[in-house]
$ cat work.cif   # mmCIF, C-alpha atoms and all ligand atoms
data_query
#
loop_
_atom_site.label_atom_id
_atom_site.label_comp_id
_atom_site.auth_asym_id
_atom_site.auth_seq_id
_atom_site.Cartn_x
_atom_site.Cartn_y
_atom_site.Cartn_z
CA PHE A 278 -72.58 73.35 17.95
CA LEU A 279 -75.82 72.87 19.73
CA PHE A 280 -74.94 69.27 20.31
CA GLY A 281 -71.51 70.22 21.57
CA ALA A 282 -69.44 70.08 18.45
CA LYS A 283 -66.18 71.99 18.42
CA CYS A 284 -66.17 72.37 14.71
CA VAL A 285 -68.97 72.30 12.18
CA ILE A 286 -68.55 71.83 8.48
CA LYS A 287 -71.45 73.59 6.85
CA GLY A 288 -71.62 74.12 3.13
CA ILE A 289 -69.86 71.87 0.70
CA LYS A 290 -69.21 73.78 -2.48
CA PRO A 291 -67.62 71.69 -5.18
CA ASN A 292 -65.21 73.29 -7.62
CA SER A 293 -64.33 76.22 -5.43
CA ARG A 294 -60.98 76.94 -3.88
CA GLU A 295 -62.18 76.16 -0.38
CA PRO A 296 -65.00 73.71 -0.79
CA PHE A 297 -65.69 73.36 2.93
CA GLU A 298 -67.17 76.03 5.08
CA CYS A 299 -65.74 75.19 8.44
CA TYR A 300 -66.87 76.93 11.62
CA HIS A 301 -65.07 76.64 14.92
CA MET A 302 -66.78 76.92 18.27
CA SER A 303 -63.80 78.79 19.68
CA ASP A 304 -64.27 81.54 17.07
CA ILE A 305 -67.90 81.96 18.03
CA GLU A 306 -66.95 82.18 21.69
CA ALA A 307 -64.26 84.71 21.03
CA GLY A 308 -66.18 86.77 18.48
CA LEU A 309 -69.68 86.83 19.91
CA GLY A 310 -69.13 85.77 23.50
CA LEU A 311 -71.56 82.92 23.04
CA LYS A 312 -71.18 79.48 24.57
CA ARG A 313 -73.03 76.33 23.69
CA LYS A 314 -76.03 76.95 25.95
CA HIS A 315 -76.30 80.45 24.54
CA LEU A 316 -76.54 78.95 21.10
CA ILE A 317 -79.18 76.51 22.27
CA ALA A 318 -81.12 79.44 23.71
CA MET A 319 -80.71 81.28 20.43
CA SER A 320 -82.04 78.33 18.51
CA LEU A 321 -85.08 78.09 20.77
CA LEU A 322 -85.81 81.76 20.18
CA VAL A 323 -85.29 81.93 16.45
CA GLY A 324 -86.13 78.37 15.50
CA ASN A 325 -84.19 75.19 14.97
CA ASP A 326 -84.31 71.82 13.26
CA TYR A 327 -86.87 70.46 15.71
CA ASP A 328 -89.13 73.45 16.04
CA SER A 329 -88.78 75.50 12.94
CA GLY A 330 -90.46 78.76 13.86
CA GLY A 331 -89.01 80.01 17.10
CA VAL A 332 -90.77 82.80 18.94
CA LEU A 333 -92.77 85.10 16.69
CA GLY A 334 -91.21 88.51 16.43
CA ILE A 335 -87.80 87.50 17.68
CA GLY A 336 -85.12 87.47 15.07
CA VAL A 337 -81.44 86.75 15.27
CA GLU A 338 -80.48 90.20 16.48
CA LYS A 339 -83.01 90.36 19.28
CA ALA A 340 -82.19 86.81 20.30
CA LEU A 341 -78.52 87.66 20.41
CA ARG A 342 -79.22 90.61 22.66
CA ILE A 343 -81.40 88.49 24.94
CA VAL A 344 -79.04 85.57 25.39
CA ARG A 345 -76.04 87.81 25.98
CA VAL A 346 -77.75 89.19 29.06
CA PHE A 347 -77.05 85.96 30.93
CA SER A 348 -74.08 83.71 31.55
CA GLU A 349 -73.94 80.24 30.10
CA ASP A 350 -74.94 78.68 33.44
CA GLU A 351 -77.96 80.93 33.79
CA ILE A 352 -79.32 81.30 30.32
CA LEU A 353 -81.50 78.22 29.99
CA ASP A 354 -83.01 78.54 33.47
CA ARG A 355 -83.74 82.21 32.94
CA LEU A 356 -85.34 81.45 29.60
CA GLN A 357 -87.58 79.06 31.44
CA ASP A 358 -88.48 81.75 33.96
CA ILE A 359 -89.31 84.13 31.15
CA GLY A 360 -91.43 81.45 29.54
CA LYS A 361 -93.41 81.24 32.79
CA GLY A 362 -94.07 84.95 32.63
CA LEU A 363 -91.38 86.13 35.01
CA LYS A 364 -89.08 88.96 34.13
CA PRO A 365 -85.76 88.04 35.61
CA ALA A 366 -83.79 90.95 36.96
CA VAL A 367 -80.91 91.66 34.74
CA SER A 368 -77.81 91.53 36.85
CA GLY A 369 -75.55 94.37 35.93
CA GLY A 370 -78.06 95.67 33.43
CA ILE A 371 -78.38 94.97 29.77
CA LYS A 372 -76.47 98.10 29.23
CA SER A 373 -74.60 99.14 32.31
CA GLY A 374 -75.55 102.44 33.83
CA ASP A 375 -75.42 103.27 37.50
CA ASP A 376 -78.64 104.67 38.75
CA GLY A 377 -79.89 104.84 42.31
CA GLU A 378 -81.52 107.27 44.62
CA GLU A 379 -78.84 109.82 44.03
CA SER A 380 -79.53 110.45 40.38
CA HIS A 381 -83.24 110.76 41.00
CA SER A 382 -82.84 113.53 43.51
CA GLU A 383 -80.52 115.33 41.14
CA MET A 384 -83.12 115.04 38.43
CA ASN A 385 -85.00 118.03 39.71
CA LYS A 386 -82.09 120.37 39.69
CA ARG A 387 -81.49 121.04 36.05
CA SER A 388 -79.46 124.17 35.86
CA PRO A 389 -80.60 126.61 33.18
CA HIS A 390 -79.11 125.99 29.77
CA CYS A 391 -78.42 128.63 27.21
CA SER A 392 -80.87 128.47 24.33
CA ARG A 393 -78.26 129.66 21.86
CA CYS A 394 -75.27 127.37 22.51
CA GLY A 395 -76.98 124.71 24.59
CA HIS A 396 -74.43 124.86 27.41
CA PRO A 397 -75.22 125.43 31.07
CA GLY A 398 -75.68 129.08 31.86
CA ASN A 399 -78.06 131.56 30.30
CA LYS A 400 -78.09 133.46 27.10
CA ARG A 401 -77.77 136.89 28.64
CA ASN A 402 -74.72 135.97 30.70
CA HIS A 403 -73.15 134.23 27.73
CA PHE A 404 -73.75 137.36 25.69
CA LYS A 405 -72.11 139.56 28.31
CA SER A 406 -69.13 137.43 29.36
CA SER A 407 -69.03 134.54 26.87
CA CYS A 408 -69.58 130.89 27.75
CA GLU A 409 -66.85 128.87 29.41
CA HIS A 410 -67.70 125.88 27.23
CA CYS A 411 -67.70 127.75 23.94
CA SER A 412 -64.13 128.42 22.99
CA CYS A 413 -64.99 131.86 21.73
CA ASP A 414 -64.19 135.22 23.31
CA SER A 415 -67.27 137.12 22.32
CA GLY A 416 -70.60 135.64 23.38
CA CYS A 417 -71.34 132.01 22.53
CA ILE A 418 -71.65 130.01 19.36
CA LYS A 419 -74.99 128.83 18.04
CA LYS A 420 -75.37 125.15 18.77
CA PRO A 421 -75.11 122.73 15.86
CA PHE A 422 -78.16 120.72 14.82
CA GLU A 423 -77.19 117.52 16.65
CA PHE A 424 -75.97 119.15 19.84
CA ARG A 425 -75.24 116.94 22.83
CA CYS A 426 -74.65 118.69 26.09
CA GLU A 427 -71.96 116.93 28.08
CA CYS A 428 -72.74 118.50 31.45
CA SER A 429 -73.26 115.99 34.27
CA PHE A 430 -77.00 116.55 34.35
CA CYS A 431 -77.57 116.06 30.65
CA SER A 432 -75.38 112.99 30.32
CA LYS A 433 -77.02 111.41 33.35
CA ASP A 434 -80.38 112.26 31.90
CA ARG A 435 -79.40 110.58 28.66
CA ASP A 436 -78.17 107.48 30.51
CA LEU A 437 -81.41 107.29 32.40
CA LYS A 438 -83.47 107.57 29.27
CA GLU A 439 -81.32 104.92 27.62
CA GLN A 440 -81.81 102.67 30.61
CA LYS A 441 -85.53 103.23 30.60
CA LYS A 442 -85.59 102.32 26.93
CA THR A 443 -83.64 99.14 27.62
CA GLU A 444 -85.96 98.23 30.49
CA ASN A 445 -89.01 98.73 28.30
CA TRP A 446 -87.41 96.66 25.61
CA TRP A 447 -86.73 93.91 28.12
CA ILE A 448 -90.29 93.90 29.38
CA LYS A 449 -91.56 93.72 25.82
CA VAL A 450 -89.40 90.77 24.81
CA CYS A 451 -90.18 88.93 28.05
CA ASP A 452 -93.89 89.37 27.37
CA LYS A 453 -93.46 88.19 23.83
CA ILE A 454 -91.67 85.05 24.94
CA ALA A 455 -94.15 84.38 27.74
CA LEU A 456 -97.01 84.50 25.26
CA TRP A 457 -95.43 81.74 23.26
CA PRO A 458 -96.98 78.39 24.20
CA GLU A 459 -94.71 75.84 25.80
CA PHE A 460 -91.58 77.86 25.70
CA PRO A 461 -88.84 76.85 26.09
CA ASN A 462 -89.33 73.34 24.89
CA ARG A 463 -87.65 71.16 27.50
CA LYS A 464 -87.42 68.23 25.13
CA ILE A 465 -85.41 70.15 22.59
CA ILE A 466 -83.02 71.39 25.26
CA GLU A 467 -82.53 67.87 26.52
CA LEU A 468 -81.98 66.65 23.01
CA TYR A 469 -79.25 69.20 22.46
CA LEU A 470 -77.66 68.66 25.82
CA SER A 471 -77.61 64.87 25.74
CA ASP A 472 -73.95 64.47 25.06
CA SER A 473 -73.48 60.89 24.12
CA PHE A 474 -76.77 59.64 22.77
CA THR A 475 -78.35 60.12 19.42
CA GLU A 476 -82.06 60.18 18.80
CA ASP A 477 -82.33 56.44 18.37
CA GLY A 478 -80.51 55.86 21.62
CA SER A 479 -77.29 54.61 20.12
CA SER A 480 -74.18 55.90 21.74
CA MET A 481 -72.12 58.56 20.01
CA SER A 482 -69.03 60.44 20.96
CA TRP A 483 -67.05 63.35 19.58
CA GLY A 484 -63.78 63.02 17.81
CA THR A 485 -61.86 64.46 14.96
CA PRO A 486 -63.20 63.66 11.54
CA VAL A 487 -62.07 60.35 10.17
CA THR A 488 -60.65 61.23 6.80
CA GLU A 489 -61.42 57.94 5.11
CA MET A 490 -65.01 58.04 6.24
CA LEU A 491 -65.39 61.54 4.86
CA VAL A 492 -63.82 60.48 1.60
CA ASP A 493 -66.18 57.55 1.26
CA PHE A 494 -69.12 59.75 2.17
CA MET A 495 -68.31 62.28 -0.49
CA VAL A 496 -67.47 59.84 -3.19
CA PHE A 497 -70.78 58.20 -2.53
CA LYS A 498 -72.91 61.31 -2.08
CA LEU A 499 -71.34 63.75 -4.47
CA HIS A 500 -69.56 61.41 -6.84
CA TRP A 501 -66.29 63.19 -6.30
CA ASP A 502 -63.04 61.65 -7.23
CA PRO A 503 -61.43 60.21 -4.06
CA SER A 504 -58.10 61.88 -4.76
CA TYR A 505 -59.86 65.22 -5.25
CA VAL A 506 -61.67 64.78 -1.94
CA ARG A 507 -58.40 64.03 -0.14
CA LYS A 508 -56.72 67.05 -1.66
CA MET A 509 -59.61 69.30 -0.66
CA LEU A 510 -59.84 67.89 2.85
CA LEU A 511 -56.19 68.41 3.65
CA PRO A 512 -56.26 72.14 4.53
CA MET A 513 -59.29 71.69 6.74
CA MET A 514 -57.93 68.65 8.51
CA SER A 515 -54.65 70.38 9.24
CA THR A 516 -56.48 73.42 10.64
CA ILE A 517 -58.48 71.20 12.95
CA TYR A 518 -55.35 69.33 13.97
CA LEU A 519 -53.41 72.51 14.71
CA ARG A 520 -56.28 73.95 16.70
CA GLU A 521 -56.59 70.83 18.81
CA ARG A 522 -52.89 70.93 19.50
CA ALA A 523 -52.99 74.58 20.46
CA ILE A 524 -55.85 73.90 22.87
CA ASN A 525 -54.09 70.92 24.43
CA ASN A 526 -50.91 72.87 24.92
CA THR A 527 -52.58 75.66 26.81
CA GLY A 528 -54.12 73.07 29.10
CA LYS A 529 -57.71 74.02 28.41
CA PRO A 530 -60.16 71.15 28.39
CA LEU A 531 -61.19 69.92 24.99
ZN ZN A 601 -74.58 130.33 25.33
ZN ZN A 602 -71.56 127.76 25.20
ZN ZN A 603 -76.40 120.09 29.96
#
$ encode --input "work.cif" --output "structure tokens"
Amino acid sequence: FLFGAKCVIKGIKPNSREPFECYHMSDIEAGLGLKRKHLIAMSLLVGNDYDSGGVLGIGVEKALRIVRVFSEDEILDRLQDIGKGLKPAVSGGIKSGDDGEESHSEMNKRSPHCSRCGHPGNKRNHFKSSCEHCSCDSGCIKKPFEFRCECSFCSKDRDLKEQKKTENWWIKVCDKIALWPEFPNRKIIELYLSDSFTEDGSSMSWGTPVTEMLVDFMVFKLHWDPSYVRKMLLPMMSTIYLRERAINNTGKPL
């Protein structure tokens, strides 16, 4: 995928019902929202064939969260900025939450909350005339252990804390990446992005798998029976074929 493949055949498991593990780029895009450059960014962060380690302390989950912050057009440039020690502003936020001057001025005006039920108001009033949030006629109900007040102040306060947490997280990962020497490795990016040239400079282009070549390959490498290989390849080849046709019909570029 990093090189631009639309479909990658990963494991080959002989003697199982589906011997080929086939992954489609379109599934990754739909399922994870990741495009090719996102995957390249991921591989730089967690390690790849050319640079096995990746950034220390950044695993798949963190990397996923980082790369999803940016669009495909931005991701590699922003990664470079981060590598230089910058902390690019996250447009729209990692987790959206509208802050601004308004919420800060409201911060100081927390209305009293009842210590018994946790709702706005005070315990004495709740005792006298019940609480409008507790659906109970006499007094108010003791708040459960994991009580979350939904009043505008408390939910805003929670959002703000969440945002602060996300910001701190962002600063931490940016620092971690910036500490990593020579990150991101320009050469690896170029290697992945060079569409039509292989490492030795010979020209290469994408196409659908050539069945006979695959058959030969597997007979040679795995000593499979050619007819067995053909039989096993058929479901995969038809899936690829049908997918290509579906894409062509909707007019999307291949
Ligand atoms: Zn109360
Ligand atoms: Zn209440
Ligand atoms: Zn509240």
$ closest_residue --input "work.cif" --among "A:Lys314, A:Phe297, A:Ile465, A:Val450" --to "Arg342 (chain A)" --atoms "only C-alpha atoms"
A:Val450
$ residues_near_ligand --input "work.cif" --ligand "ligand ZN 603 (chain A)" --cutoff "12 Å" --atoms "all atoms listed in the file" --output "ChimeraX atom specification"
/A:384,386-392,394-399,410,424-435
$ write_last_selection --input "work.cif" --atoms "C-alpha atoms" --output "PDB file, in the frame of the given file"
ATOM      1  CA  MET A 384     -83.120 115.040  38.430  1.00  0.00           C
ATOM      2  CA  LYS A 386     -82.090 120.370  39.690  1.00  0.00           C
ATOM      3  CA  ARG A 387     -81.490 121.040  36.050  1.00  0.00           C
ATOM      4  CA  SER A 388     -79.460 124.170  35.860  1.00  0.00           C
ATOM      5  CA  PRO A 389     -80.600 126.610  33.180  1.00  0.00           C
ATOM      6  CA  HIS A 390     -79.110 125.990  29.770  1.00  0.00           C
ATOM      7  CA  CYS A 391     -78.420 128.630  27.210  1.00  0.00           C
ATOM      8  CA  SER A 392     -80.870 128.470  24.330  1.00  0.00           C
ATOM      9  CA  CYS A 394     -75.270 127.370  22.510  1.00  0.00           C
ATOM     10  CA  GLY A 395     -76.980 124.710  24.590  1.00  0.00           C
ATOM     11  CA  HIS A 396     -74.430 124.860  27.410  1.00  0.00           C
ATOM     12  CA  PRO A 397     -75.220 125.430  31.070  1.00  0.00           C
ATOM     13  CA  GLY A 398     -75.680 129.080  31.860  1.00  0.00           C
ATOM     14  CA  ASN A 399     -78.060 131.560  30.300  1.00  0.00           C
ATOM     15  CA  HIS A 410     -67.700 125.880  27.230  1.00  0.00           C
ATOM     16  CA  PHE A 424     -75.970 119.150  19.840  1.00  0.00           C
ATOM     17  CA  ARG A 425     -75.240 116.940  22.830  1.00  0.00           C
ATOM     18  CA  CYS A 426     -74.650 118.690  26.090  1.00  0.00           C
ATOM     19  CA  GLU A 427     -71.960 116.930  28.080  1.00  0.00           C
ATOM     20  CA  CYS A 428     -72.740 118.500  31.450  1.00  0.00           C
ATOM     21  CA  SER A 429     -73.260 115.990  34.270  1.00  0.00           C
ATOM     22  CA  PHE A 430     -77.000 116.550  34.350  1.00  0.00           C
ATOM     23  CA  CYS A 431     -77.570 116.060  30.650  1.00  0.00           C
ATOM     24  CA  SER A 432     -75.380 112.990  30.320  1.00  0.00           C
ATOM     25  CA  LYS A 433     -77.020 111.410  33.350  1.00  0.00           C
ATOM     26  CA  ASP A 434     -80.380 112.260  31.900  1.00  0.00           C
ATOM     27  CA  ARG A 435     -79.400 110.580  28.660  1.00  0.00           C
TER      28      ARG A 435
END
$ residues_around --input "work.cif" --residues "Phe347 (chain A)" --least-positions-apart "6" --cutoff "9 Å" --atoms "all atoms listed in the file" --output "MDAnalysis selection string"
chainID A and resid 315 353 355 367:368
$ atom_distance --input "work.cif" --atom1 "CA of Asn445 (chain A)" --atom2 "CA of Val323 (chain A)"
20.9 Å
$ closest_residue --input "work.cif" --among "A:Val332, A:Leu510, A:Leu309, A:Ile352" --to "Glu459 (chain A)" --atoms "only C-alpha atoms"
A:Val332
$ closest_residue --input "work.cif" --among "A:Lys339, A:Lys441, A:His301, A:His403" --to "ligand ZN 602 (chain A)" --atoms "all atoms listed in the file"
A:His403
$ closest_residue --input "work.cif" --among "A:Cys299, A:Leu511, A:Met319, A:Cys408" --to "ligand ZN 601 (chain A)" --atoms "all atoms listed in the file"
A:Cys408
$ closest_residue --input "work.cif" --among "A:Lys361, A:Lys420, A:Lys405, A:Arg313" --to "ligand ZN 602 (chain A)" --atoms "all atoms listed in the file"
A:Lys420
